[in-house]
file data.cif (mmCIF, N, CA and C atoms)
data_work
#
loop_
_atom_site.label_atom_id
_atom_site.label_comp_id
_atom_site.auth_asym_id
_atom_site.auth_seq_id
_atom_site.Cartn_x
_atom_site.Cartn_y
_atom_site.Cartn_z
N MET A 746 -53.21 124.17 162.35
CA MET A 746 -53.29 122.74 162.59
C MET A 746 -52.74 122.01 161.36
N HIS A 747 -51.80 121.12 161.58
CA HIS A 747 -51.22 120.35 160.49
C HIS A 747 -52.09 119.15 160.18
N LYS A 748 -52.22 118.86 158.89
CA LYS A 748 -52.93 117.65 158.50
C LYS A 748 -52.07 116.45 158.87
N GLN A 749 -52.66 115.48 159.54
CA GLN A 749 -51.93 114.30 159.96
C GLN A 749 -51.86 113.30 158.82
N VAL A 750 -50.74 112.63 158.71
CA VAL A 750 -50.50 111.61 157.69
C VAL A 750 -50.76 110.26 158.32
N GLU A 751 -51.38 109.37 157.59
CA GLU A 751 -51.54 108.01 158.10
C GLU A 751 -50.25 107.26 157.83
N VAL A 752 -49.51 107.00 158.89
CA VAL A 752 -48.19 106.38 158.75
C VAL A 752 -48.29 104.86 158.73
N THR A 753 -47.31 104.23 158.14
CA THR A 753 -47.29 102.77 158.02
C THR A 753 -46.81 102.13 159.32
N THR A 754 -47.09 100.86 159.44
CA THR A 754 -46.62 100.12 160.62
C THR A 754 -45.10 100.05 160.65
N THR A 755 -44.45 100.12 159.50
CA THR A 755 -42.99 100.11 159.49
C THR A 755 -42.44 101.27 160.30
N LEU A 756 -42.93 102.47 160.04
CA LEU A 756 -42.48 103.64 160.79
C LEU A 756 -42.83 103.51 162.27
N LEU A 757 -44.04 103.10 162.56
CA LEU A 757 -44.45 102.95 163.97
C LEU A 757 -43.59 101.92 164.70
N ASP A 758 -43.30 100.80 164.05
CA ASP A 758 -42.46 99.77 164.66
C ASP A 758 -41.04 100.29 164.92
N LEU A 759 -40.50 101.05 163.98
CA LEU A 759 -39.16 101.59 164.16
C LEU A 759 -39.12 102.62 165.29
N VAL A 760 -40.12 103.48 165.35
CA VAL A 760 -40.18 104.46 166.43
C VAL A 760 -40.29 103.75 167.78
N ALA A 761 -41.08 102.68 167.84
CA ALA A 761 -41.21 101.91 169.09
C ALA A 761 -39.85 101.33 169.50
N LYS A 762 -39.06 100.86 168.54
CA LYS A 762 -37.73 100.33 168.85
C LYS A 762 -36.81 101.42 169.38
N VAL A 763 -36.90 102.61 168.78
CA VAL A 763 -36.08 103.74 169.23
C VAL A 763 -36.41 104.06 170.69
N ILE A 764 -37.69 104.13 170.99
CA ILE A 764 -38.13 104.42 172.36
C ILE A 764 -37.67 103.31 173.31
N GLU A 765 -37.78 102.09 172.86
CA GLU A 765 -37.40 100.92 173.68
C GLU A 765 -35.94 100.97 174.12
N VAL A 766 -35.06 101.45 173.24
CA VAL A 766 -33.64 101.52 173.60
C VAL A 766 -33.29 102.83 174.32
N GLY A 767 -34.28 103.67 174.56
CA GLY A 767 -34.07 104.90 175.31
C GLY A 767 -33.53 106.06 174.51
N ALA A 768 -33.61 106.00 173.19
CA ALA A 768 -33.12 107.08 172.35
C ALA A 768 -34.22 108.10 172.09
N THR A 769 -33.82 109.26 171.60
CA THR A 769 -34.77 110.34 171.33
C THR A 769 -34.83 110.73 169.86
N LYS A 770 -33.96 110.12 169.05
CA LYS A 770 -33.94 110.41 167.61
C LYS A 770 -33.74 109.13 166.83
N MET A 771 -34.16 109.19 165.57
CA MET A 771 -33.93 108.09 164.64
C MET A 771 -33.33 108.71 163.38
N GLU A 772 -32.35 108.05 162.81
CA GLU A 772 -31.77 108.48 161.54
C GLU A 772 -31.94 107.37 160.53
N VAL A 773 -32.31 107.75 159.32
CA VAL A 773 -32.46 106.81 158.21
C VAL A 773 -31.58 107.32 157.08
N GLU A 774 -30.62 106.50 156.69
CA GLU A 774 -29.72 106.92 155.62
C GLU A 774 -29.44 105.76 154.66
N TYR A 775 -29.24 106.13 153.40
CA TYR A 775 -28.95 105.15 152.35
C TYR A 775 -27.48 104.78 152.39
N ARG A 776 -27.21 103.47 152.29
CA ARG A 776 -25.82 103.02 152.20
C ARG A 776 -25.78 101.70 151.42
N ASP A 777 -25.17 101.74 150.24
CA ASP A 777 -24.91 100.53 149.44
C ASP A 777 -26.16 99.68 149.20
N GLY A 778 -27.26 100.31 148.79
CA GLY A 778 -28.47 99.58 148.46
C GLY A 778 -29.37 99.27 149.65
N TRP A 779 -29.04 99.80 150.80
CA TRP A 779 -29.82 99.55 152.02
C TRP A 779 -30.18 100.85 152.70
N GLU A 780 -31.30 100.85 153.39
CA GLU A 780 -31.66 101.95 154.29
C GLU A 780 -31.21 101.51 155.67
N GLU A 781 -30.25 102.22 156.22
CA GLU A 781 -29.72 101.92 157.55
C GLU A 781 -30.50 102.78 158.55
N ILE A 782 -31.05 102.16 159.58
CA ILE A 782 -31.85 102.88 160.56
C ILE A 782 -31.14 102.81 161.91
N LEU A 783 -30.89 104.00 162.47
CA LEU A 783 -30.18 104.12 163.74
C LEU A 783 -31.06 104.78 164.79
N ALA A 784 -30.97 104.30 166.01
CA ALA A 784 -31.54 104.98 167.17
C ALA A 784 -30.41 105.83 167.73
N VAL A 785 -30.67 107.12 167.92
CA VAL A 785 -29.61 108.06 168.31
C VAL A 785 -30.00 108.79 169.59
N ASP A 786 -29.04 108.86 170.52
CA ASP A 786 -29.21 109.66 171.72
C ASP A 786 -27.90 110.39 171.93
N SER A 787 -27.95 111.69 172.01
CA SER A 787 -26.76 112.53 172.06
C SER A 787 -25.93 112.26 170.81
N LEU A 788 -24.73 111.79 170.96
CA LEU A 788 -23.87 111.52 169.80
C LEU A 788 -23.69 110.04 169.51
N VAL A 789 -24.44 109.20 170.22
CA VAL A 789 -24.29 107.76 170.07
C VAL A 789 -25.45 107.19 169.27
N GLY A 790 -25.14 106.42 168.23
CA GLY A 790 -26.17 105.78 167.42
C GLY A 790 -26.02 104.27 167.45
N VAL A 791 -27.16 103.58 167.49
CA VAL A 791 -27.18 102.12 167.52
C VAL A 791 -28.05 101.65 166.36
N GLY A 792 -27.53 100.75 165.56
CA GLY A 792 -28.32 100.21 164.46
C GLY A 792 -29.49 99.39 164.97
N ILE A 793 -30.70 99.70 164.49
CA ILE A 793 -31.87 98.95 164.93
C ILE A 793 -32.54 98.21 163.78
N ALA A 794 -32.22 98.59 162.54
CA ALA A 794 -32.83 97.90 161.40
C ALA A 794 -32.05 98.23 160.13
N ARG A 795 -32.28 97.39 159.13
CA ARG A 795 -31.67 97.57 157.81
C ARG A 795 -32.67 97.05 156.80
N LEU A 796 -33.10 97.92 155.89
CA LEU A 796 -34.09 97.54 154.88
C LEU A 796 -33.49 97.68 153.49
N GLU A 797 -33.70 96.70 152.65
CA GLU A 797 -33.25 96.81 151.27
C GLU A 797 -33.97 97.99 150.63
N SER A 798 -33.23 98.90 150.02
CA SER A 798 -33.81 100.16 149.52
C SER A 798 -34.94 99.97 148.52
N ARG A 799 -34.89 98.89 147.75
CA ARG A 799 -35.94 98.65 146.75
C ARG A 799 -37.18 97.98 147.34
N SER A 800 -37.12 97.56 148.59
CA SER A 800 -38.24 96.83 149.19
C SER A 800 -39.45 97.74 149.40
N GLN A 801 -40.61 97.13 149.48
CA GLN A 801 -41.84 97.87 149.73
C GLN A 801 -41.77 98.59 151.08
N GLN A 802 -41.20 97.93 152.08
CA GLN A 802 -41.08 98.55 153.41
C GLN A 802 -40.23 99.81 153.36
N ALA A 803 -39.10 99.77 152.68
CA ALA A 803 -38.22 100.94 152.59
C ALA A 803 -38.89 102.06 151.82
N ARG A 804 -39.57 101.73 150.73
CA ARG A 804 -40.28 102.76 149.95
C ARG A 804 -41.37 103.41 150.78
N ALA A 805 -42.12 102.60 151.53
CA ALA A 805 -43.19 103.13 152.37
C ALA A 805 -42.61 104.00 153.49
N LEU A 806 -41.50 103.58 154.07
CA LEU A 806 -40.86 104.37 155.12
C LEU A 806 -40.43 105.73 154.59
N ARG A 807 -39.76 105.74 153.44
CA ARG A 807 -39.33 107.02 152.85
C ARG A 807 -40.53 107.90 152.52
N ALA A 808 -41.59 107.31 151.99
CA ALA A 808 -42.79 108.08 151.66
C ALA A 808 -43.37 108.72 152.92
N ASP A 809 -43.44 107.95 154.01
CA ASP A 809 -43.93 108.50 155.28
C ASP A 809 -43.06 109.67 155.74
N LEU A 810 -41.76 109.48 155.69
CA LEU A 810 -40.85 110.51 156.19
C LEU A 810 -40.90 111.77 155.34
N TYR A 811 -40.97 111.62 154.01
CA TYR A 811 -41.13 112.80 153.16
C TYR A 811 -42.45 113.51 153.44
N ALA A 812 -43.51 112.74 153.67
CA ALA A 812 -44.85 113.32 153.88
C ALA A 812 -44.92 114.14 155.16
N ILE A 813 -44.18 113.73 156.17
CA ILE A 813 -44.27 114.48 157.43
C ILE A 813 -43.08 115.41 157.67
N ALA A 814 -42.17 115.50 156.71
CA ALA A 814 -41.03 116.40 156.84
C ALA A 814 -41.52 117.84 156.97
N LYS A 815 -40.86 118.59 157.83
CA LYS A 815 -41.17 120.00 158.09
C LYS A 815 -42.51 120.21 158.78
N LYS A 816 -43.12 119.15 159.25
CA LYS A 816 -44.36 119.23 160.01
C LYS A 816 -44.16 118.41 161.27
N ARG A 817 -45.14 118.45 162.10
CA ARG A 817 -45.12 117.53 163.24
C ARG A 817 -46.19 116.49 163.01
N GLN A 818 -45.94 115.30 163.48
CA GLN A 818 -46.87 114.19 163.32
C GLN A 818 -47.06 113.54 164.68
N VAL A 819 -48.29 113.42 165.12
CA VAL A 819 -48.58 112.76 166.38
C VAL A 819 -48.88 111.29 166.07
N VAL A 820 -48.19 110.40 166.81
CA VAL A 820 -48.43 108.96 166.66
C VAL A 820 -48.70 108.38 168.05
N HIS A 821 -49.40 107.27 168.07
CA HIS A 821 -49.71 106.58 169.32
C HIS A 821 -48.89 105.30 169.38
N ILE A 822 -48.05 105.21 170.41
CA ILE A 822 -47.20 104.03 170.58
C ILE A 822 -47.28 103.59 172.04
N SER A 823 -47.64 102.35 172.23
CA SER A 823 -47.74 101.76 173.58
C SER A 823 -48.59 102.62 174.51
N GLY A 824 -49.68 103.13 174.00
CA GLY A 824 -50.60 103.90 174.81
C GLY A 824 -50.19 105.34 175.06
N CYS A 825 -49.08 105.79 174.50
CA CYS A 825 -48.61 107.16 174.69
C CYS A 825 -48.59 107.90 173.35
N GLU A 826 -48.85 109.18 173.42
CA GLU A 826 -48.74 110.00 172.22
C GLU A 826 -47.31 110.54 172.12
N ARG A 827 -46.75 110.42 170.93
CA ARG A 827 -45.42 110.95 170.64
C ARG A 827 -45.53 111.88 169.44
N VAL A 828 -44.69 112.89 169.43
CA VAL A 828 -44.63 113.83 168.31
C VAL A 828 -43.37 113.53 167.52
N LEU A 829 -43.53 113.35 166.21
CA LEU A 829 -42.39 113.13 165.31
C LEU A 829 -42.15 114.40 164.52
N ARG A 830 -40.90 114.80 164.44
CA ARG A 830 -40.49 115.92 163.59
C ARG A 830 -39.37 115.39 162.70
N VAL A 831 -39.54 115.58 161.40
CA VAL A 831 -38.59 115.01 160.44
C VAL A 831 -37.87 116.14 159.70
N ARG A 832 -36.54 116.01 159.65
CA ARG A 832 -35.72 116.89 158.81
C ARG A 832 -35.07 116.03 157.74
N VAL A 833 -34.99 116.55 156.54
CA VAL A 833 -34.31 115.87 155.44
C VAL A 833 -33.05 116.67 155.14
N VAL A 834 -31.91 116.00 155.22
CA VAL A 834 -30.63 116.67 154.96
C VAL A 834 -29.88 115.92 153.87
N ASP A 835 -29.00 116.64 153.19
CA ASP A 835 -28.18 116.02 152.15
C ASP A 835 -27.01 115.29 152.79
N ASP A 836 -26.81 114.05 152.38
CA ASP A 836 -25.71 113.24 152.89
C ASP A 836 -24.98 112.65 151.68
N PHE A 837 -24.02 113.39 151.17
CA PHE A 837 -23.25 112.98 150.00
C PHE A 837 -24.16 112.65 148.80
N GLY A 838 -25.12 113.53 148.53
CA GLY A 838 -26.00 113.38 147.38
C GLY A 838 -27.22 112.52 147.63
N GLU A 839 -27.36 111.96 148.81
CA GLU A 839 -28.53 111.15 149.16
C GLU A 839 -29.28 111.86 150.29
N ASP A 840 -30.59 111.64 150.35
CA ASP A 840 -31.37 112.21 151.45
C ASP A 840 -31.19 111.37 152.70
N LYS A 841 -30.93 112.05 153.79
CA LYS A 841 -30.84 111.43 155.11
C LYS A 841 -31.97 112.02 155.95
N PHE A 842 -32.69 111.17 156.65
CA PHE A 842 -33.81 111.61 157.47
C PHE A 842 -33.39 111.61 158.94
N ILE A 843 -33.67 112.71 159.62
CA ILE A 843 -33.43 112.80 161.05
C ILE A 843 -34.79 113.02 161.70
N VAL A 844 -35.19 112.06 162.53
CA VAL A 844 -36.52 112.08 163.14
C VAL A 844 -36.38 112.30 164.64
N ALA A 845 -36.87 113.45 165.11
CA ALA A 845 -36.90 113.73 166.55
C ALA A 845 -38.21 113.12 167.10
N ILE A 846 -38.09 112.47 168.24
CA ILE A 846 -39.24 111.80 168.86
C ILE A 846 -39.43 112.41 170.24
N GLU A 847 -40.57 113.06 170.45
CA GLU A 847 -40.84 113.74 171.71
C GLU A 847 -42.16 113.30 172.29
N ARG A 848 -42.26 113.35 173.62
CA ARG A 848 -43.55 113.08 174.27
C ARG A 848 -44.51 114.21 173.93
N GLN A 849 -45.76 113.88 173.72
CA GLN A 849 -46.79 114.87 173.45
C GLN A 849 -47.06 115.67 174.72
N SER A 850 -46.98 116.99 174.63
CA SER A 850 -47.29 117.85 175.78
C SER A 850 -48.80 117.97 175.92
N LEU A 851 -49.24 118.00 177.15
CA LEU A 851 -50.67 118.17 177.40
C LEU A 851 -51.06 119.60 177.49
#

call {"tool": "encode", "arguments": {"input": "data.cif", "output": "structure tokens"}}
result
Amino acid sequence: MHKQVEVTTTLLDLVAKVIEVGATKMEVEYRDGWEEILAVDSLVGVGIARLESRSQQARALRADLYAIAKKRQVVHISGCERVLRVRVVDDFGEDKFIVAIERQSL
């Protein structure tokens, strides 16, 4: 059993946006002082948010993603349980987060 992390509302809000647009993944990558957040389905990504990298929201988001990397995290969004799986990959010397969002199996 994995220890669950208490995630911030920033992460929960972003995951809700990803679900809202019908995507199954979220990518967070650094670009020119900003954290660019994309909702991704198959090979198509749509920008859903942009956070200044030094902001409290961006720092909290990165902390959440590092904390749940290589584990699964169950979150409750709109009355449904979703499982988040986070991978951290190198993107030209910066960490890029790839978050898979799946329905919780019963």

call {"tool": "atom_distance", "arguments": {"input": "data.cif", "atom1": "CA of Arg827 in chain A", "atom2": "atom C of Leu759 in chain A"}}
result
11.7 Å

call {"tool": "residues_around", "arguments": {"input": "data.cif", "residues": "range 779-796 of chain A", "least_positions_apart": "6", "cutoff": "12 Å", "atoms": "only C-alpha atoms", "output": "MDAnalysis selection string"}}
result
chainID A and resid 755:756 758:773 802:807 839:846

call {"tool": "write_last_selection", "arguments": {"input": "data.cif", "atoms": "N, CA and C atoms", "output": "JSON list (two decimals), in the frame of the given file"}}
result
[["chain", "number", "residue", "atom", "x", "y", "z"],
["A", 755, "THR", "N", -44.45, 100.12, 159.50],
["A", 755, "THR", "CA", -42.99, 100.11, 159.49],
["A", 755, "THR", "C", -42.44, 101.27, 160.30],
["A", 756, "LEU", "N", -42.93, 102.47, 160.04],
["A", 756, "LEU", "CA", -42.48, 103.64, 160.79],
["A", 756, "LEU", "C", -42.83, 103.51, 162.27],
["A", 758, "ASP", "N", -43.30, 100.80, 164.05],
["A", 758, "ASP", "CA", -42.46, 99.77, 164.66],
["A", 758, "ASP", "C", -41.04, 100.29, 164.92],
["A", 759, "LEU", "N", -40.50, 101.05, 163.98],
["A", 759, "LEU", "CA", -39.16, 101.59, 164.16],
["A", 759, "LEU", "C", -39.12, 102.62, 165.29],
["A", 760, "VAL", "N", -40.12, 103.48, 165.35],
["A", 760, "VAL", "CA", -40.18, 104.46, 166.43],
["A", 760, "VAL", "C", -40.29, 103.75, 167.78],
["A", 761, "ALA", "N", -41.08, 102.68, 167.84],
["A", 761, "ALA", "CA", -41.21, 101.91, 169.09],
["A", 761, "ALA", "C", -39.85, 101.33, 169.50],
["A", 762, "LYS", "N", -39.06, 100.86, 168.54],
["A", 762, "LYS", "CA", -37.73, 100.33, 168.85],
["A", 762, "LYS", "C", -36.81, 101.42, 169.38],
["A", 763, "VAL", "N", -36.90, 102.61, 168.78],
["A", 763, "VAL", "CA", -36.08, 103.74, 169.23],
["A", 763, "VAL", "C", -36.41, 104.06, 170.69],
["A", 764, "ILE", "N", -37.69, 104.13, 170.99],
["A", 764, "ILE", "CA", -38.13, 104.42, 172.36],
["A", 764, "ILE", "C", -37.67, 103.31, 173.31],
["A", 765, "GLU", "N", -37.78, 102.09, 172.86],
["A", 765, "GLU", "CA", -37.40, 100.92, 173.68],
["A", 765, "GLU", "C", -35.94, 100.97, 174.12],
["A", 766, "VAL", "N", -35.06, 101.45, 173.24],
["A", 766, "VAL", "CA", -33.64, 101.52, 173.60],
["A", 766, "VAL", "C", -33.29, 102.83, 174.32],
["A", 767, "GLY", "N", -34.28, 103.67, 174.56],
["A", 767, "GLY", "CA", -34.07, 104.90, 175.31],
["A", 767, "GLY", "C", -33.53, 106.06, 174.51],
["A", 768, "ALA", "N", -33.61, 106.00, 173.19],
["A", 768, "ALA", "CA", -33.12, 107.08, 172.35],
["A", 768, "ALA", "C", -34.22, 108.10, 172.09],
["A", 769, "THR", "N", -33.82, 109.26, 171.60],
["A", 769, "THR", "CA", -34.77, 110.34, 171.33],
["A", 769, "THR", "C", -34.83, 110.73, 169.86],
["A", 770, "LYS", "N", -33.96, 110.12, 169.05],
["A", 770, "LYS", "CA", -33.94, 110.41, 167.61],
["A", 770, "LYS", "C", -33.74, 109.13, 166.83],
["A", 771, "MET", "N", -34.16, 109.19, 165.57],
["A", 771, "MET", "CA", -33.93, 108.09, 164.64],
["A", 771, "MET", "C", -33.33, 108.71, 163.38],
["A", 772, "GLU", "N", -32.35, 108.05, 162.81],
["A", 772, "GLU", "CA", -31.77, 108.48, 161.54],
["A", 772, "GLU", "C", -31.94, 107.37, 160.53],
["A", 773, "VAL", "N", -32.31, 107.75, 159.32],
["A", 773, "VAL", "CA", -32.46, 106.81, 158.21],
["A", 773, "VAL", "C", -31.58, 107.32, 157.08],
["A", 802, "GLN", "N", -41.20, 97.93, 152.08],
["A", 802, "GLN", "CA", -41.08, 98.55, 153.41],
["A", 802, "GLN", "C", -40.23, 99.81, 153.36],
["A", 803, "ALA", "N", -39.10, 99.77, 152.68],
["A", 803, "ALA", "CA", -38.22, 100.94, 152.59],
["A", 803, "ALA", "C", -38.89, 102.06, 151.82],
["A", 804, "ARG", "N", -39.57, 101.73, 150.73],
["A", 804, "ARG", "CA", -40.28, 102.76, 149.95],
["A", 804, "ARG", "C", -41.37, 103.41, 150.78],
["A", 805, "ALA", "N", -42.12, 102.60, 151.53],
["A", 805, "ALA", "CA", -43.19, 103.13, 152.37],
["A", 805, "ALA", "C", -42.61, 104.00, 153.49],
["A", 806, "LEU", "N", -41.50, 103.58, 154.07],
["A", 806, "LEU", "CA", -40.86, 104.37, 155.12],
["A", 806, "LEU", "C", -40.43, 105.73, 154.59],
["A", 807, "ARG", "N", -39.76, 105.74, 153.44],
["A", 807, "ARG", "CA", -39.33, 107.02, 152.85],
["A", 807, "ARG", "C", -40.53, 107.90, 152.52],
["A", 839, "GLU", "N", -27.36, 111.96, 148.81],
["A", 839, "GLU", "CA", -28.53, 111.15, 149.16],
["A", 839, "GLU", "C", -29.28, 111.86, 150.29],
["A", 840, "ASP", "N", -30.59, 111.64, 150.35],
["A", 840, "ASP", "CA", -31.37, 112.21, 151.45],
["A", 840, "ASP", "C", -31.19, 111.37, 152.70],
["A", 841, "LYS", "N", -30.93, 112.05, 153.79],
["A", 841, "LYS", "CA", -30.84, 111.43, 155.11],
["A", 841, "LYS", "C", -31.97, 112.02, 155.95],
["A", 842, "PHE", "N", -32.69, 111.17, 156.65],
["A", 842, "PHE", "CA", -33.81, 111.61, 157.47],
["A", 842, "PHE", "C", -33.39, 111.61, 158.94],
["A", 843, "ILE", "N", -33.67, 112.71, 159.62],
["A", 843, "ILE", "CA", -33.43, 112.80, 161.05],
["A", 843, "ILE", "C", -34.79, 113.02, 161.70],
["A", 844, "VAL", "N", -35.19, 112.06, 162.53],
["A", 844, "VAL", "CA", -36.52, 112.08, 163.14],
["A", 844, "VAL", "C", -36.38, 112.30, 164.64],
["A", 845, "ALA", "N", -36.87, 113.45, 165.11],
["A", 845, "ALA", "CA", -36.90, 113.73, 166.55],
["A", 845, "ALA", "C", -38.21, 113.12, 167.10],
["A", 846, "ILE", "N", -38.09, 112.47, 168.24],
["A", 846, "ILE", "CA", -39.24, 111.80, 168.86],
["A", 846, "ILE", "C", -39.43, 112.41, 170.24]]

call {"tool": "residues_around", "arguments": {"input": "data.cif", "residues": "Gln818 in chain A", "least_positions_apart": "4", "cutoff": "6 Å", "atoms": "only N, CA and C atoms", "output": "MDAnalysis selection string"}}
result
chainID A and resid 827:830

call {"tool": "select_by_dssp", "arguments": {"input": "data.cif", "residues": "chain A", "states": "helix (DSSP H, G or I)", "output": "VMD selection string"}}
result
chain A and resid 754 to 765 801 to 813

call {"tool": "axis_aligned_box", "arguments": {"input": "data.cif", "around": "range 756-764 of chain A", "padding_each_side": "5 Å", "output": "lines of an AutoDock Vina configuration file"}}
result
center_x = -40.3
center_y = 102.1
center_z = 166.7
size_x = 18.4
size_y = 14.7
size_z = 23.3

call {"tool": "closest_residue", "arguments": {"input": "data.cif", "among": "A:Arg832, A:Ser798, A:Gly838, A:Thr753", "to": "Lys816 in chain A", "atoms": "all atoms listed in the file"}}
result
A:Arg832

call {"tool": "atom_distance", "arguments": {"input": "data.cif", "atom1": "atom C of Ser800 in chain A", "atom2": "CA of Ile813 in chain A"}}
result
19.2 Å

call {"tool": "closest_residue", "arguments": {"input": "data.cif", "among": "A:Glu774, A:Glu847, A:Asp835, A:Asp809", "to": "Glu797 in chain A", "atoms": "only C-alpha atoms"}}
result
A:Glu774

call {"tool": "select_by_dssp", "arguments": {"input": "data.cif", "residues": "range 763-830 of chain A", "states": "strand (DSSP E or B)", "output": "ChimeraX atom specification"}}
result
/A:770-776,779-786,789-797,814,817-822,825-830

call {"tool": "atom_distance", "arguments": {"input": "data.cif", "atom1": "CA of Lys815 in chain A", "atom2": "CA of Val831 in chain A"}}
result
6.1 Å

call {"tool": "decode", "arguments": {"input": "data.cif", "residues": "range 803-824 of chain A", "atoms": "C-alpha atoms", "output": "CSV table (one decimal), in the first residue's frame"}}
result
chain,number,residue,atom,x,y,z
A,803,ALA,CA,4.1,26.4,-9.4
A,804,ARG,CA,6.4,25.4,-6.5
A,805,ALA,CA,3.5,23.6,-4.8
A,806,LEU,CA,2.6,21.8,-8.1
A,807,ARG,CA,6.2,20.6,-8.6
A,808,ALA,CA,6.4,19.5,-5.0
A,809,ASP,CA,3.2,17.4,-5.4
A,810,LEU,CA,4.4,15.9,-8.6
A,811,TYR,CA,7.8,14.9,-7.2
A,812,ALA,CA,6.1,13.5,-4.1
A,813,ILE,CA,3.9,11.2,-6.0
A,814,ALA,CA,6.3,10.3,-8.8
A,815,LYS,CA,6.8,6.5,-9.2
A,816,LYS,CA,3.8,5.9,-7.1
A,817,ARG,CA,0.1,6.0,-7.7
A,818,GLN,CA,-2.1,8.6,-6.0
A,819,VAL,CA,-5.8,8.4,-5.7
A,820,VAL,CA,-7.6,11.7,-5.9
A,821,HIS,CA,-11.3,12.6,-5.7
A,822,ILE,CA,-12.6,14.8,-8.5
A,823,SER,CA,-16.3,15.6,-9.2
A,824,GLY,CA,-17.4,12.6,-7.1
